[in-house]
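Structure first, then comments.
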2 protein chains.
Amino acid sequence: MHVEIWSDIACPWCYVGKRRFEAALAAFEHRDAVTVTWRSFELDPHAPVERGVDGATHLAEKYGVTRDEALAMQQRLSDVAAGDGLDYDLEHARGGSTFDAHRLVHLAAQHGRQDAMEERLFAAYLAERELVSDHATLQRLGEEVGLPADEVADALASNRFADEVRDDERTAAGLGISAVPFFVVDRAYGTSGAQPAELLTQLLEKAWAERPQVTVVGEGDSCGVDGC
Amino acid sequence: MHVEIWSDIACPWCYVGKRRFEAALAAFEHRDAVTVTWRSFELDPHAPVERGVDGATHLAEKYGVTRDEALAMQQRLSDVAAGDGLDYDLEHARGGSTFDAHRLVHLAAQHGRQDAMEERLFAAYLAERELVSDHATLQRLGEEVGLPADEVADALASNRFADEVRDDERTAAGLGISAVPFFVVDRAYGTSGAQPAELLTQLLEKAWAERPQVTVVGEGDSCGVDGC
């Protein structure tokens, strides 16, 4: 089965969702038959490279609340994340464009390191006050998960994988996805949000039980091991 | 919609099937919504690098017939291919392993040149007496379709994309595919063999009419453009 997970690096619920999906997958009997693809989704496609204010100030400005009120909102979310083993620092998160970070995730996929790259970027942004639009930062994070330094540099210096990011976003729009994380199994079943692991396991079980079988609708001339 | 086509370079019906699928796709109203992936399938996974006998002699030995009888069989197939605009030279085809050629098709996919690479390899083997297991030949053919020379050389010198080839073959086995070409639409409908273009168009239309919709089965905490 193929699980596609749309997410943004700058999405606190997405990292929580990643942890819960990992738990769900570990509890799923047929986990060896599951492949996972991380799909790009920018919550703010028009974000500047860097916002210049910290996460708490940005949240306060966005909702028109005080900084203390914003901090309280972030604390509630951080408390939930802590329950999933994540140590968030949303107050000091450095917001900005995640487009290049998503391009890096696509490069990582070519090296079998997509999950590691996604994980590294979530931690960098949500817990480590890293600016994930900064190319020197992305270069370092890419190398940390084992990507070839020259390929990371080439990708960052060019527009490589921009089409792949936009393809993911177009597909999301086509599927009606407007919030992340969003989990899709075999393009048949989907679920939005960081649901409890047990519910994500149920999604996998449902999709497994009802996984599509290929219906052969015709036959023509072909070649097999015994000839044509 | 996603169309996956399992084929082998050394499969005369596969190149015919490619032409007919192209015609089918051109006649399909929603062709812009179709993406095509070529999947690897080796008709003879144990083939030596080079057989040392030409295509007609190999066929005669395989079926225990005379060379003239083998030539007559090949002529009948070539006549059909000619009807699809293909100028086969099966008599002098240089048989051998297609594993490395399939690896090259996977590399080409990363550069958006998969279809061009598949096309080039079919023509090389089925029409131009090229030995598609020979690395110098594969290097030249890869460069001809626009792949970076260094990446082709790196892939050929290493085991790169071997896993991808075997993954395709495992998937084929899982789907019960034992002869190629084999066309699968959205993992829901499949058809084997080089069927007439009209029938392939009907397959696309049937799959389109019954294409799966994602059923959303639950909702949890998530982030959207308006916040988390």
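How things are named: the first chain in the structure tokens is A, the next is B, and so on; residues count from 1 in each chain; ligands count from 1 in the order shown.
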
Residues of chain B within 8 Å of chain A, counting only C-alpha atoms - could you list those as a PDB file with N, CA, C and O atoms, in the first residue's frame?
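Saved result, part_39.pdb, follows:
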ATOM      1  N   CYS B  11      11.359  -6.984 -26.034  1.00  0.00           N
ATOM      2  CA  CYS B  11      10.000  -7.507 -26.229  1.00  0.00           C
ATOM      3  C   CYS B  11       9.383  -6.822 -27.436  1.00  0.00           C
ATOM      4  O   CYS B  11       8.956  -5.669 -27.356  1.00  0.00           O
ATOM      5  N   PRO B  12       9.314  -7.529 -28.547  1.00  0.00           N
ATOM      6  CA  PRO B  12       8.803  -6.905 -29.776  1.00  0.00           C
ATOM      7  C   PRO B  12       7.374  -6.386 -29.628  1.00  0.00           C
ATOM      8  O   PRO B  12       7.043  -5.329 -30.187  1.00  0.00           O
ATOM      9  N   TRP B  13       6.537  -7.076 -28.869  1.00  0.00           N
ATOM     10  CA  TRP B  13       5.163  -6.604 -28.711  1.00  0.00           C
ATOM     11  C   TRP B  13       5.085  -5.349 -27.844  1.00  0.00           C
ATOM     12  O   TRP B  13       4.104  -4.611 -27.883  1.00  0.00           O
ATOM     13  N   CYS B  14       6.114  -5.134 -27.038  1.00  0.00           N
ATOM     14  CA  CYS B  14       6.075  -3.968 -26.140  1.00  0.00           C
ATOM     15  C   CYS B  14       6.224  -2.650 -26.906  1.00  0.00           C
ATOM     16  O   CYS B  14       5.571  -1.659 -26.584  1.00  0.00           O
ATOM     17  N   LEU B  43      12.183 -10.310 -19.361  1.00  0.00           N
ATOM     18  CA  LEU B  43      11.667 -11.592 -19.846  1.00  0.00           C
ATOM     19  C   LEU B  43      12.635 -12.712 -19.490  1.00  0.00           C
ATOM     20  O   LEU B  43      12.228 -13.833 -19.240  1.00  0.00           O
ATOM     21  N   ASP B  44      13.928 -12.406 -19.477  1.00  0.00           N
ATOM     22  CA  ASP B  44      14.929 -13.415 -19.109  1.00  0.00           C
ATOM     23  C   ASP B  44      15.917 -12.806 -18.105  1.00  0.00           C
ATOM     24  O   ASP B  44      16.958 -12.280 -18.482  1.00  0.00           O
ATOM     25  N   LEU B 175       1.000  -8.476  -8.813  1.00  0.00           N
ATOM     26  CA  LEU B 175      -0.210  -8.201  -9.585  1.00  0.00           C
ATOM     27  C   LEU B 175      -0.536  -9.352 -10.532  1.00  0.00           C
ATOM     28  O   LEU B 175      -1.504  -9.286 -11.285  1.00  0.00           O
ATOM     29  N   SER B 178       2.685 -11.838 -15.885  1.00  0.00           N
ATOM     30  CA  SER B 178       3.698 -12.794 -16.324  1.00  0.00           C
ATOM     31  C   SER B 178       4.076 -12.593 -17.783  1.00  0.00           C
ATOM     32  O   SER B 178       4.929 -13.292 -18.319  1.00  0.00           O
ATOM     33  N   ALA B 179       3.437 -11.667 -18.455  1.00  0.00           N
ATOM     34  CA  ALA B 179       3.754 -11.374 -19.858  1.00  0.00           C
ATOM     35  C   ALA B 179       3.593  -9.877 -20.074  1.00  0.00           C
ATOM     36  O   ALA B 179       2.811  -9.223 -19.374  1.00  0.00           O
ATOM     37  N   VAL B 180       4.375  -9.359 -21.012  1.00  0.00           N
ATOM     38  CA  VAL B 180       4.346  -7.917 -21.261  1.00  0.00           C
ATOM     39  C   VAL B 180       4.162  -7.634 -22.752  1.00  0.00           C
ATOM     40  O   VAL B 180       4.440  -8.511 -23.561  1.00  0.00           O
ATOM     41  N   PRO B 181       3.698  -6.443 -23.151  1.00  0.00           N
ATOM     42  CA  PRO B 181       3.400  -5.304 -22.271  1.00  0.00           C
ATOM     43  C   PRO B 181       2.178  -5.573 -21.408  1.00  0.00           C
ATOM     44  O   PRO B 181       1.301  -6.332 -21.767  1.00  0.00           O
ATOM     45  N   VAL B 184      -1.512  -0.953 -16.595  1.00  0.00           N
ATOM     46  CA  VAL B 184      -2.316  -0.877 -15.373  1.00  0.00           C
ATOM     47  C   VAL B 184      -2.709   0.583 -15.146  1.00  0.00           C
ATOM     48  O   VAL B 184      -1.858   1.472 -15.188  1.00  0.00           O
ATOM     49  N   ARG B 187      -3.889   1.269 -10.623  1.00  0.00           N
ATOM     50  CA  ARG B 187      -3.879  -0.022  -9.912  1.00  0.00           C
ATOM     51  C   ARG B 187      -5.289  -0.632  -9.807  1.00  0.00           C
ATOM     52  O   ARG B 187      -5.536  -1.468  -8.929  1.00  0.00           O
ATOM     53  N   ALA B 188      -6.162  -0.219 -10.703  1.00  0.00           N
ATOM     54  CA  ALA B 188      -7.540  -0.709 -10.641  1.00  0.00           C
ATOM     55  C   ALA B 188      -7.875  -1.578 -11.845  1.00  0.00           C
ATOM     56  O   ALA B 188      -8.505  -2.625 -11.716  1.00  0.00           O
ATOM     57  N   TYR B 189      -7.447  -1.128 -13.043  1.00  0.00           N
ATOM     58  CA  TYR B 189      -7.734  -1.880 -14.251  1.00  0.00           C
ATOM     59  C   TYR B 189      -6.439  -2.193 -14.969  1.00  0.00           C
ATOM     60  O   TYR B 189      -5.529  -1.360 -15.019  1.00  0.00           O
ATOM     61  N   GLY B 190      -6.376  -3.383 -15.538  1.00  0.00           N
ATOM     62  CA  GLY B 190      -5.183  -3.757 -16.275  1.00  0.00           C
ATOM     63  C   GLY B 190      -5.542  -4.456 -17.553  1.00  0.00           C
ATOM     64  O   GLY B 190      -6.654  -4.971 -17.713  1.00  0.00           O
ATOM     65  N   THR B 191      -4.601  -4.431 -18.485  1.00  0.00           N
ATOM     66  CA  THR B 191      -4.804  -5.175 -19.710  1.00  0.00           C
ATOM     67  C   THR B 191      -3.449  -5.625 -20.214  1.00  0.00           C
ATOM     68  O   THR B 191      -2.460  -4.908 -20.091  1.00  0.00           O
ATOM     69  N   SER B 192      -3.394  -6.822 -20.744  1.00  0.00           N
ATOM     70  CA  SER B 192      -2.112  -7.346 -21.199  1.00  0.00           C
ATOM     71  C   SER B 192      -2.051  -7.333 -22.704  1.00  0.00           C
ATOM     72  O   SER B 192      -3.073  -7.431 -23.401  1.00  0.00           O
ATOM     73  N   GLY B 193      -0.853  -7.161 -23.216  1.00  0.00           N
ATOM     74  CA  GLY B 193      -0.647  -7.294 -24.649  1.00  0.00           C
ATOM     75  C   GLY B 193      -0.835  -6.019 -25.433  1.00  0.00           C
ATOM     76  O   GLY B 193      -1.378  -5.033 -24.953  1.00  0.00           O
ATOM     77  N   ALA B 194      -0.325  -6.085 -26.676  1.00  0.00           N
ATOM     78  CA  ALA B 194      -0.399  -4.935 -27.584  1.00  0.00           C
ATOM     79  C   ALA B 194      -1.755  -4.925 -28.259  1.00  0.00           C
ATOM     80  O   ALA B 194      -1.905  -5.312 -29.416  1.00  0.00           O
ATOM     81  N   GLN B 195      -2.748  -4.474 -27.523  1.00  0.00           N
ATOM     82  CA  GLN B 195      -4.092  -4.440 -28.090  1.00  0.00           C
ATOM     83  C   GLN B 195      -4.257  -3.238 -29.018  1.00  0.00           C
ATOM     84  O   GLN B 195      -3.506  -2.278 -28.938  1.00  0.00           O
ATOM     85  N   LEU B 203     -10.073   1.334 -22.340  1.00  0.00           N
ATOM     86  CA  LEU B 203      -9.581   1.059 -20.990  1.00  0.00           C
ATOM     87  C   LEU B 203      -9.433   2.365 -20.219  1.00  0.00           C
ATOM     88  O   LEU B 203      -9.843   2.479 -19.053  1.00  0.00           O
ATOM     89  N   PRO B 212     -11.215   6.234  -8.645  1.00  0.00           N
ATOM     90  CA  PRO B 212     -11.543   6.305  -7.222  1.00  0.00           C
ATOM     91  C   PRO B 212     -11.547   7.734  -6.701  1.00  0.00           C
ATOM     92  O   PRO B 212     -10.770   8.575  -7.128  1.00  0.00           O
ATOM     93  N   GLN B 213     -12.443   7.994  -5.823  1.00  0.00           N
ATOM     94  CA  GLN B 213     -12.457   9.261  -5.100  1.00  0.00           C
ATOM     95  C   GLN B 213     -11.933   8.966  -3.707  1.00  0.00           C
ATOM     96  O   GLN B 213     -12.219   7.913  -3.158  1.00  0.00           O
ATOM     97  N   VAL B 214     -11.190   9.901  -3.170  1.00  0.00           N
ATOM     98  CA  VAL B 214     -10.686   9.695  -1.819  1.00  0.00           C
ATOM     99  C   VAL B 214     -11.829   9.888  -0.820  1.00  0.00           C
ATOM    100  O   VAL B 214     -12.512  10.911  -0.828  1.00  0.00           O
ATOM    101  N   THR B 215     -12.063   8.888  -0.003  1.00  0.00           N
ATOM    102  CA  THR B 215     -13.078   8.950   1.035  1.00  0.00           C
ATOM    103  C   THR B 215     -12.423   9.401   2.328  1.00  0.00           C
ATOM    104  O   THR B 215     -11.519   8.743   2.833  1.00  0.00           O
ATOM    105  N   VAL B 216     -12.843  10.534   2.835  1.00  0.00           N
ATOM    106  CA  VAL B 216     -12.253  11.038   4.076  1.00  0.00           C
ATOM    107  C   VAL B 216     -12.950  10.358   5.247  1.00  0.00           C
ATOM    108  O   VAL B 216     -14.165  10.432   5.382  1.00  0.00           O
ATOM    109  N   VAL B 217     -12.154   9.667   6.060  1.00  0.00           N
ATOM    110  CA  VAL B 217     -12.755   8.849   7.109  1.00  0.00           C
ATOM    111  C   VAL B 217     -12.542   9.401   8.515  1.00  0.00           C
ATOM    112  O   VAL B 217     -12.896   8.760   9.479  1.00  0.00           O
ATOM    113  N   GLY B 218     -11.980  10.581   8.634  1.00  0.00           N
ATOM    114  CA  GLY B 218     -11.807  11.118   9.977  1.00  0.00           C
ATOM    115  C   GLY B 218     -11.113  12.457   9.921  1.00  0.00           C
ATOM    116  O   GLY B 218     -10.582  12.846   8.893  1.00  0.00           O
ATOM    117  N   GLU B 219     -11.124  13.169  11.005  1.00  0.00           N
ATOM    118  CA  GLU B 219     -10.512  14.493  11.016  1.00  0.00           C
ATOM    119  C   GLU B 219      -9.904  14.760  12.388  1.00  0.00           C
ATOM    120  O   GLU B 219     -10.516  14.455  13.407  1.00  0.00           O
ATOM    121  N   GLY B 220      -8.695  15.314  12.404  1.00  0.00           N
ATOM    122  CA  GLY B 220      -8.045  15.648  13.671  1.00  0.00           C
ATOM    123  C   GLY B 220      -7.476  17.047  13.615  1.00  0.00           C
ATOM    124  O   GLY B 220      -7.813  17.818  12.718  1.00  0.00           O
ATOM    125  N   ASP B 221      -6.620  17.387  14.564  1.00  0.00           N
ATOM    126  CA  ASP B 221      -6.020  18.718  14.603  1.00  0.00           C
ATOM    127  C   ASP B 221      -5.100  18.924  13.414  1.00  0.00           C
ATOM    128  O   ASP B 221      -4.269  18.074  13.097  1.00  0.00           O
ATOM    129  N   SER B 222      -5.223  20.062  12.765  1.00  0.00           N
ATOM    130  CA  SER B 222      -4.401  20.318  11.582  1.00  0.00           C
ATOM    131  C   SER B 222      -4.171  21.820  11.427  1.00  0.00           C
ATOM    132  O   SER B 222      -4.730  22.624  12.159  1.00  0.00           O
ATOM    133  N   CYS B 223      -3.307  22.150  10.472  1.00  0.00           N
ATOM    134  CA  CYS B 223      -3.015  23.545  10.178  1.00  0.00           C
ATOM    135  C   CYS B 223      -3.469  23.866   8.761  1.00  0.00           C
ATOM    136  O   CYS B 223      -3.195  23.114   7.836  1.00  0.00           O
ATOM    137  N   GLY B 224      -4.156  24.983   8.609  1.00  0.00           N
ATOM    138  CA  GLY B 224      -4.572  25.444   7.292  1.00  0.00           C
ATOM    139  C   GLY B 224      -4.021  26.834   7.045  1.00  0.00           C
ATOM    140  O   GLY B 224      -3.246  27.347   7.855  1.00  0.00           O
ATOM    141  N   VAL B 225      -4.431  27.450   5.934  1.00  0.00           N
ATOM    142  CA  VAL B 225      -3.899  28.776   5.631  1.00  0.00           C
ATOM    143  C   VAL B 225      -4.281  29.793   6.705  1.00  0.00           C
ATOM    144  O   VAL B 225      -3.598  30.787   6.918  1.00  0.00           O
ATOM    145  N   CYS B 228      -3.590  27.122  12.854  1.00  0.00           N
ATOM    146  CA  CYS B 228      -3.617  25.755  13.371  1.00  0.00           C
ATOM    147  C   CYS B 228      -4.762  25.571  14.360  1.00  0.00           C
ATOM    148  O   CYS B 228      -5.206  26.518  14.970  1.00  0.00           O
TER     149      CYS B 228
END

Identify, on the basis of only C-alpha atoms, every residue whose closest approach to B:Ala101 does not exceed 12 Å; exclude the query and any residue fewer than 5 positions from it along the same chain; express the result as a PyMOL selection string.
chain B and resi 7-10+39-42+49+96+106-108+114+117-122+124-125+130-142+152+155-156+160-162+165

When you look at A:Ser78 with a cut-off of 9 Å (counting only C-alpha atoms), what residues show up, excluding the ones that are within fewer than 6 positions of it in the same chain? I need them as a PDB file with N, CA and C atoms, in the first residue's frame.
ATOM      1  N   PRO A  12       3.008  22.735  13.102  1.00  0.00           N
ATOM      2  CA  PRO A  12       3.219  22.012  14.358  1.00  0.00           C
ATOM      3  C   PRO A  12       2.449  20.689  14.433  1.00  0.00           C
ATOM      4  N   LEU A  86       7.839  15.249  21.683  1.00  0.00           N
ATOM      5  CA  LEU A  86       8.474  16.331  20.923  1.00  0.00           C
ATOM      6  C   LEU A  86       8.661  17.565  21.808  1.00  0.00           C
ATOM      7  N   ASP A  87       9.810  18.175  21.714  1.00  0.00           N
ATOM      8  CA  ASP A  87      10.155  19.314  22.565  1.00  0.00           C
ATOM      9  C   ASP A  87      10.133  20.599  21.732  1.00  0.00           C
ATOM     10  N   TYR A  88       8.950  21.159  21.552  1.00  0.00           N
ATOM     11  CA  TYR A  88       8.779  22.322  20.676  1.00  0.00           C
ATOM     12  C   TYR A  88       9.334  23.612  21.295  1.00  0.00           C
ATOM     13  N   ASP A  89       9.771  24.514  20.433  1.00  0.00           N
ATOM     14  CA  ASP A  89      10.068  25.896  20.849  1.00  0.00           C
ATOM     15  C   ASP A  89       9.397  26.816  19.837  1.00  0.00           C
ATOM     16  N   LEU A  90       8.086  26.898  19.915  1.00  0.00           N
ATOM     17  CA  LEU A  90       7.325  27.679  18.942  1.00  0.00           C
ATOM     18  C   LEU A  90       7.524  29.176  19.151  1.00  0.00           C
TER      19      LEU A  90
END

Using only C-alpha atoms, can you tell me which of B:Trp6, B:Lys18, B:Asp150, B:Met1 comes closest to B:Asp167?
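Ranking B:Trp6, B:Lys18, B:Asp150, B:Met1 by distance to B:Asp167, first place goes to B:Trp6.
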
Among stretch 186-227 of chain A, which ones does DSSP assign to alpha helix (DSSP H) (computed from the backbone)? Answer as JSON, numbers by chain.
{"A": [197, 198, 199, 200, 201, 202, 203, 204, 205, 206, 207, 208, 209]}

Could you please take those selected residues and save C-alpha atoms as a PDB file, in the first residue's frame?
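result_33.pdb, freshly written:
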ATOM      1  CA  ALA A 197      -2.278   6.528  16.425  1.00  0.00           C
ATOM      2  CA  GLU A 198      -5.077   4.007  16.998  1.00  0.00           C
ATOM      3  CA  LEU A 199      -7.308   5.783  14.483  1.00  0.00           C
ATOM      4  CA  LEU A 200      -4.480   5.953  11.950  1.00  0.00           C
ATOM      5  CA  THR A 201      -3.933   2.215  12.394  1.00  0.00           C
ATOM      6  CA  GLN A 202      -7.639   1.700  11.747  1.00  0.00           C
ATOM      7  CA  LEU A 203      -7.292   3.704   8.539  1.00  0.00           C
ATOM      8  CA  LEU A 204      -4.476   1.411   7.418  1.00  0.00           C
ATOM      9  CA  GLU A 205      -6.521  -1.666   8.299  1.00  0.00           C
ATOM     10  CA  LYS A 206      -9.575  -0.401   6.458  1.00  0.00           C
ATOM     11  CA  ALA A 207      -7.552   0.454   3.382  1.00  0.00           C
ATOM     12  CA  TRP A 208      -5.826  -2.937   3.532  1.00  0.00           C
ATOM     13  CA  ALA A 209      -9.098  -4.833   3.766  1.00  0.00           C
TER      14      ALA A 209
END

Using backbone DSSP assignments, extract all strand (DSSP E) residues from stretch 97-217 of chain B; output them as a VMD selection string.
chain B and resid 179 to 180 182 to 185 189 to 192 215 to 217

With N, CA, C and O atoms retained, export the selected residues as an mmCIF file, in the first residue's frame.
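Listing of selection_15.cif after writing:
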data_model
loop_
_atom_site.group_PDB
_atom_site.id
_atom_site.type_symbol
_atom_site.label_atom_id
_atom_site.label_comp_id
_atom_site.auth_asym_id
_atom_site.auth_seq_id
_atom_site.Cartn_x
_atom_site.Cartn_y
_atom_site.Cartn_z
ATOM 1 N N ALA B 179 3.437 -11.667 -18.455
ATOM 2 C CA ALA B 179 3.754 -11.374 -19.858
ATOM 3 C C ALA B 179 3.593 -9.877 -20.074
ATOM 4 O O ALA B 179 2.811 -9.223 -19.374
ATOM 5 N N VAL B 180 4.375 -9.359 -21.012
ATOM 6 C CA VAL B 180 4.346 -7.917 -21.261
ATOM 7 C C VAL B 180 4.162 -7.634 -22.752
ATOM 8 O O VAL B 180 4.440 -8.511 -23.561
ATOM 9 N N PHE B 182 2.141 -4.893 -20.263
ATOM 10 C CA PHE B 182 0.984 -4.974 -19.388
ATOM 11 C C PHE B 182 0.691 -3.557 -18.905
ATOM 12 O O PHE B 182 1.557 -2.894 -18.355
ATOM 13 N N PHE B 183 -0.539 -3.131 -19.144
ATOM 14 C CA PHE B 183 -0.955 -1.765 -18.814
ATOM 15 C C PHE B 183 -1.845 -1.793 -17.570
ATOM 16 O O PHE B 183 -2.808 -2.557 -17.529
ATOM 17 N N VAL B 184 -1.512 -0.953 -16.595
ATOM 18 C CA VAL B 184 -2.316 -0.877 -15.373
ATOM 19 C C VAL B 184 -2.709 0.583 -15.146
ATOM 20 O O VAL B 184 -1.858 1.472 -15.188
ATOM 21 N N VAL B 185 -3.993 0.815 -14.949
ATOM 22 C CA VAL B 185 -4.477 2.175 -14.707
ATOM 23 C C VAL B 185 -4.912 2.305 -13.254
ATOM 24 O O VAL B 185 -5.807 1.569 -12.808
ATOM 25 N N TYR B 189 -7.447 -1.128 -13.043
ATOM 26 C CA TYR B 189 -7.734 -1.880 -14.251
ATOM 27 C C TYR B 189 -6.439 -2.193 -14.969
ATOM 28 O O TYR B 189 -5.529 -1.360 -15.019
ATOM 29 N N GLY B 190 -6.376 -3.383 -15.538
ATOM 30 C CA GLY B 190 -5.183 -3.757 -16.275
ATOM 31 C C GLY B 190 -5.542 -4.456 -17.553
ATOM 32 O O GLY B 190 -6.654 -4.971 -17.713
ATOM 33 N N THR B 191 -4.601 -4.431 -18.485
ATOM 34 C CA THR B 191 -4.804 -5.175 -19.710
ATOM 35 C C THR B 191 -3.449 -5.625 -20.214
ATOM 36 O O THR B 191 -2.460 -4.908 -20.091
ATOM 37 N N SER B 192 -3.394 -6.822 -20.744
ATOM 38 C CA SER B 192 -2.112 -7.346 -21.199
ATOM 39 C C SER B 192 -2.051 -7.333 -22.704
ATOM 40 O O SER B 192 -3.073 -7.431 -23.401
ATOM 41 N N THR B 215 -12.063 8.888 -0.003
ATOM 42 C CA THR B 215 -13.078 8.950 1.035
ATOM 43 C C THR B 215 -12.423 9.401 2.328
ATOM 44 O O THR B 215 -11.519 8.743 2.833
ATOM 45 N N VAL B 216 -12.843 10.534 2.835
ATOM 46 C CA VAL B 216 -12.253 11.038 4.076
ATOM 47 C C VAL B 216 -12.950 10.358 5.247
ATOM 48 O O VAL B 216 -14.165 10.432 5.382
ATOM 49 N N VAL B 217 -12.154 9.667 6.060
ATOM 50 C CA VAL B 217 -12.755 8.849 7.109
ATOM 51 C C VAL B 217 -12.542 9.401 8.515
ATOM 52 O O VAL B 217 -12.896 8.760 9.479
#

Would you compute the distance between atom CA of B:Ala72 and atom CA of B:Ala56? Give it in Å to one decimal.
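Separation of atom CA of B:Ala72 and atom CA of B:Ala56: 9.4 Å.
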
As an exercise, work out the distance from atom CA of B:Arg170 to atom CA of A:Glu210 in Å and give it to one decimal place.
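So the answer is 21.0 Å.
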
Identify which of the residues B:Arg113, B:Ala157, B:Gly55, B:Thr37 lies closest to B:Glu91, counting only C-alpha atoms when measuring atom-to-atom distances.
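Closest candidate: B:Gly55.
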